[in-house]
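Single-structure report; data block below.
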Amino acid sequence: MGSIEETPERLLQIRWVARSDQPAPIEAHSPAEALELLSAGSRRFAALGSSGGDLELRLDPEALGFVNTSDPDGILNQEPFAAVLGCSDARVPLELALGRGANDLFVVRVAGNVPGSACLGSLLYAAAHLPRVQLFAVVGHSQCGAVTTAVDALLFPETYPELARLAPLREIVDAVFGSVRLAAAALQRVTGSATFLAAAESRELREALIALTAVANAALSANVVAQHLDRAAAFGVYELAERTVGVMRAGGWEPGLRMAPSDDAGLREVLREAAEGYVSGWLAESSANDPA
């Protein structure tokens, strides 16, 4: 039994069920099937925050160290159907956020979910040695510290020298700078006037830039993963407030992972849509708060 949280209004329950009579792992036979499994799992996890919910996760007993006497060595084979690169942020429990249990996902985590050499090496291992893996995904998240630091380092250059003296941290933040520039360019194209420097003077524009950079970082990283591995890759952003993985679109937040853009034109289109969605939300909020 997993954790249970009870309030007078609702019951939220997550159950881990170990069944020795269900040895077969969850399978996906194509990237599209893997994408739907992850997206559906995210929707189930998000539903816990509505009027109540019950999420059941399947586990093989061997995943928890219980020996299966019918297995010659008693050790569970590693058989994930997807590999995921995500952020180290403690608020983003990737398996739970995607509604999956032990041995479903091969997970690599690093601050900012940037595909550095060590992370790509781990994903290359999965591609070469885990034949059930059908999809590689990059999952960013809202309010990401690495993304926020990168945005502020470019908006407020006087803060960068102190950061630059910490070489390991600087490497992570520098890797996000390109995504900040892409996000800023998308905002300017959509608004026609919101220049990069204007975000330093506007709280709302800075927040939109941070949110859009999280999308850019995940989408660009997924493109990098797809090119390096020559495998299908997807991306999404875990929205902390909504507890779901999705992507901002022109019409608003859309739950579910998206396949990685295959080229620069595709990346620009992803960011244009996301920028339109964030700007529309920003304008709607400003209008609602306007006493006039």
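Letters A, B, ... go to the chains of the structure tokens in the order shown; residues in each chain start at 1; ligands are counted from 1 in the same order.
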Leaving out Val151 (chain A) and any residue of its chain fewer than 3 positions from it, which residues lie within 7 Å of it when counting only C-alpha atoms, given as a PDB file with C-alpha atoms, in the first residue's frame?
```pdb
ATOM      1  CA  VAL A 147      15.784  27.894 -16.182  1.00  0.00           C
ATOM      2  CA  THR A 148      15.016  30.846 -13.899  1.00  0.00           C
ATOM      3  CA  LEU A 154      20.822  37.238 -19.183  1.00  0.00           C
ATOM      4  CA  LEU A 155      18.291  39.825 -18.028  1.00  0.00           C
ATOM      5  CA  VAL A 180      16.318  31.627 -23.303  1.00  0.00           C
ATOM      6  CA  ILE A 210      10.693  31.795 -17.853  1.00  0.00           C
TER       7      ILE A 210
END
```
Quick one: which region 49-137 of chain A residues come within 10 Å of region 158-171 of chain A, and what is the nearest atom pair for each with the distance in Å to one decimal, counting only C-alpha atoms, rows ordered by chain and ascending number, as a tab-separated table?
```
residue	atom	partner	partner_atom	distance
A:Ala111	CA	A:Leu169	CA	9.2
A:Val114	CA	A:Glu171	CA	9.9
A:Gly116	CA	A:Glu171	CA	9.3
```
Suppose we keep all heavy atoms; can you now write the selection as a PDB file, in the first residue's frame?
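part.pdb written:
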```pdb
ATOM      1  N   ALA A 111      19.860  18.645 -13.058  1.00  0.00           N
ATOM      2  CA  ALA A 111      19.282  19.981 -12.933  1.00  0.00           C
ATOM      3  C   ALA A 111      19.127  20.615 -14.311  1.00  0.00           C
ATOM      4  O   ALA A 111      20.054  20.629 -15.121  1.00  0.00           O
ATOM      5  CB  ALA A 111      20.180  20.854 -12.054  1.00  0.00           C
ATOM      6  N   VAL A 114      19.175  19.160 -18.933  1.00  0.00           N
ATOM      7  CA  VAL A 114      20.002  19.459 -20.110  1.00  0.00           C
ATOM      8  C   VAL A 114      20.726  18.189 -20.553  1.00  0.00           C
ATOM      9  O   VAL A 114      21.259  17.455 -19.725  1.00  0.00           O
ATOM     10  CB  VAL A 114      21.008  20.594 -19.821  1.00  0.00           C
ATOM     11  CG1 VAL A 114      20.275  21.903 -19.595  1.00  0.00           C
ATOM     12  CG2 VAL A 114      21.868  20.281 -18.606  1.00  0.00           C
ATOM     13  N   GLY A 116      23.585  16.846 -21.354  1.00  0.00           N
ATOM     14  CA  GLY A 116      25.042  16.855 -21.379  1.00  0.00           C
ATOM     15  C   GLY A 116      25.590  15.483 -21.729  1.00  0.00           C
ATOM     16  O   GLY A 116      24.841  14.529 -21.944  1.00  0.00           O
TER      17      GLY A 116
END
```
Which parts of region 90-280 of chain A does DSSP call alpha helix (DSSP H) when run on the backbone here, written out as a ChimeraX atom specification? /A:94-97,117-129,145-155,160-164,167-191,203-229,264-280
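Checking A:Ala265, A:Ser202, A:His141, A:Arg100 one by one against Met248 (chain A), counting only C-alpha atoms, you find the shortest gap at A:His141.
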Just list the residues in region 15-213 of chain A DSSP gives strand (DSSP E) on the backbone, as a count of residues only. 28
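Taking only C-alpha atoms into account, Val176 (chain A) lies nearest to A:Asn113 out of the set A:Ser122, A:Asn113, A:Ser42, A:Ser142.
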A:Ser262, A:Asn217, A:Thr191, A:Ser30 ranked by distance to Trp282 (chain A), top pick (using only C-alpha atoms):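 Counting only C-alpha atoms, the residue closest to Trp282 (chain A) is A:Thr191.
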Pick out the closest residue to Leu37 (chain A) from this set: A:Ala222, A:Val17, A:Leu257, A:Ala208. Count only C-alpha atoms. A:Leu257
All residues 8 Å or closer to region 127-140 of chain A, only C-alpha atoms, same chain fewer than 5 positions away omitted, as an NGL selection string: :A and (27-31 or 34-35 or 78-87 or 112-113 or 214-215 or 217-219 or 221-222 or 225-226 or 229 or 231-238 or 245)
Output file for the residues above (C-alpha atoms, as a JSON list (two decimals), in the first residue's frame):
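Written file, selection_32.json:
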```
[["chain", "number", "residue", "atom", "x", "y", "z"],
["A", 27, "GLU", "CA", 4.85, -3.22, -23.33],
["A", 28, "ALA", "CA", 4.70, -0.58, -26.03],
["A", 29, "HIS", "CA", 5.11, -1.75, -29.60],
["A", 30, "SER", "CA", 5.76, 1.66, -31.13],
["A", 31, "PRO", "CA", 6.77, 5.20, -30.13],
["A", 34, "ALA", "CA", 4.69, 4.60, -25.56],
["A", 35, "LEU", "CA", 3.66, 8.25, -25.95],
["A", 78, "GLN", "CA", 15.39, -4.40, -16.65],
["A", 79, "GLU", "CA", 12.59, -3.93, -19.18],
["A", 80, "PRO", "CA", 11.37, -0.30, -19.39],
["A", 81, "PHE", "CA", 9.22, 0.76, -22.35],
["A", 82, "ALA", "CA", 10.51, 4.37, -22.34],
["A", 83, "ALA", "CA", 13.54, 6.39, -21.26],
["A", 84, "VAL", "CA", 13.04, 9.82, -19.71],
["A", 85, "LEU", "CA", 15.44, 12.71, -19.13],
["A", 86, "GLY", "CA", 14.10, 15.00, -16.42],
["A", 87, "CYS", "CA", 15.11, 17.63, -13.90],
["A", 112, "GLY", "CA", 17.66, 21.75, -15.87],
["A", 113, "ASN", "CA", 17.14, 18.47, -17.79],
["A", 214, "ALA", "CA", 11.05, 25.74, -20.02],
["A", 215, "VAL", "CA", 9.19, 24.69, -23.18],
["A", 217, "ASN", "CA", 14.58, 23.83, -23.25],
["A", 218, "ALA", "CA", 12.52, 20.61, -23.25],
["A", 219, "ALA", "CA", 11.74, 20.76, -26.98],
["A", 221, "SER", "CA", 16.72, 18.92, -25.69],
["A", 222, "ALA", "CA", 14.35, 16.32, -27.15],
["A", 225, "VAL", "CA", 18.33, 13.42, -28.03],
["A", 226, "ALA", "CA", 16.53, 12.32, -31.20],
["A", 229, "LEU", "CA", 20.30, 8.51, -30.79],
["A", 231, "ARG", "CA", 15.39, 7.36, -32.18],
["A", 232, "ALA", "CA", 11.93, 8.78, -31.64],
["A", 233, "ALA", "CA", 11.83, 11.41, -28.89],
["A", 234, "ALA", "CA", 9.12, 13.47, -27.22],
["A", 235, "PHE", "CA", 8.94, 16.39, -24.81],
["A", 236, "GLY", "CA", 6.69, 18.00, -22.26],
["A", 237, "VAL", "CA", 6.64, 20.28, -19.23],
["A", 238, "TYR", "CA", 5.36, 19.19, -15.82],
["A", 245, "VAL", "CA", 2.76, 16.90, -18.11]]
```
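Ranking A:Cys144, A:Ala199, A:Val270, A:Val247 by their shortest atom-to-atom distance to Arg91 (chain A), with only C-alpha atoms included, puts A:Cys144 first.
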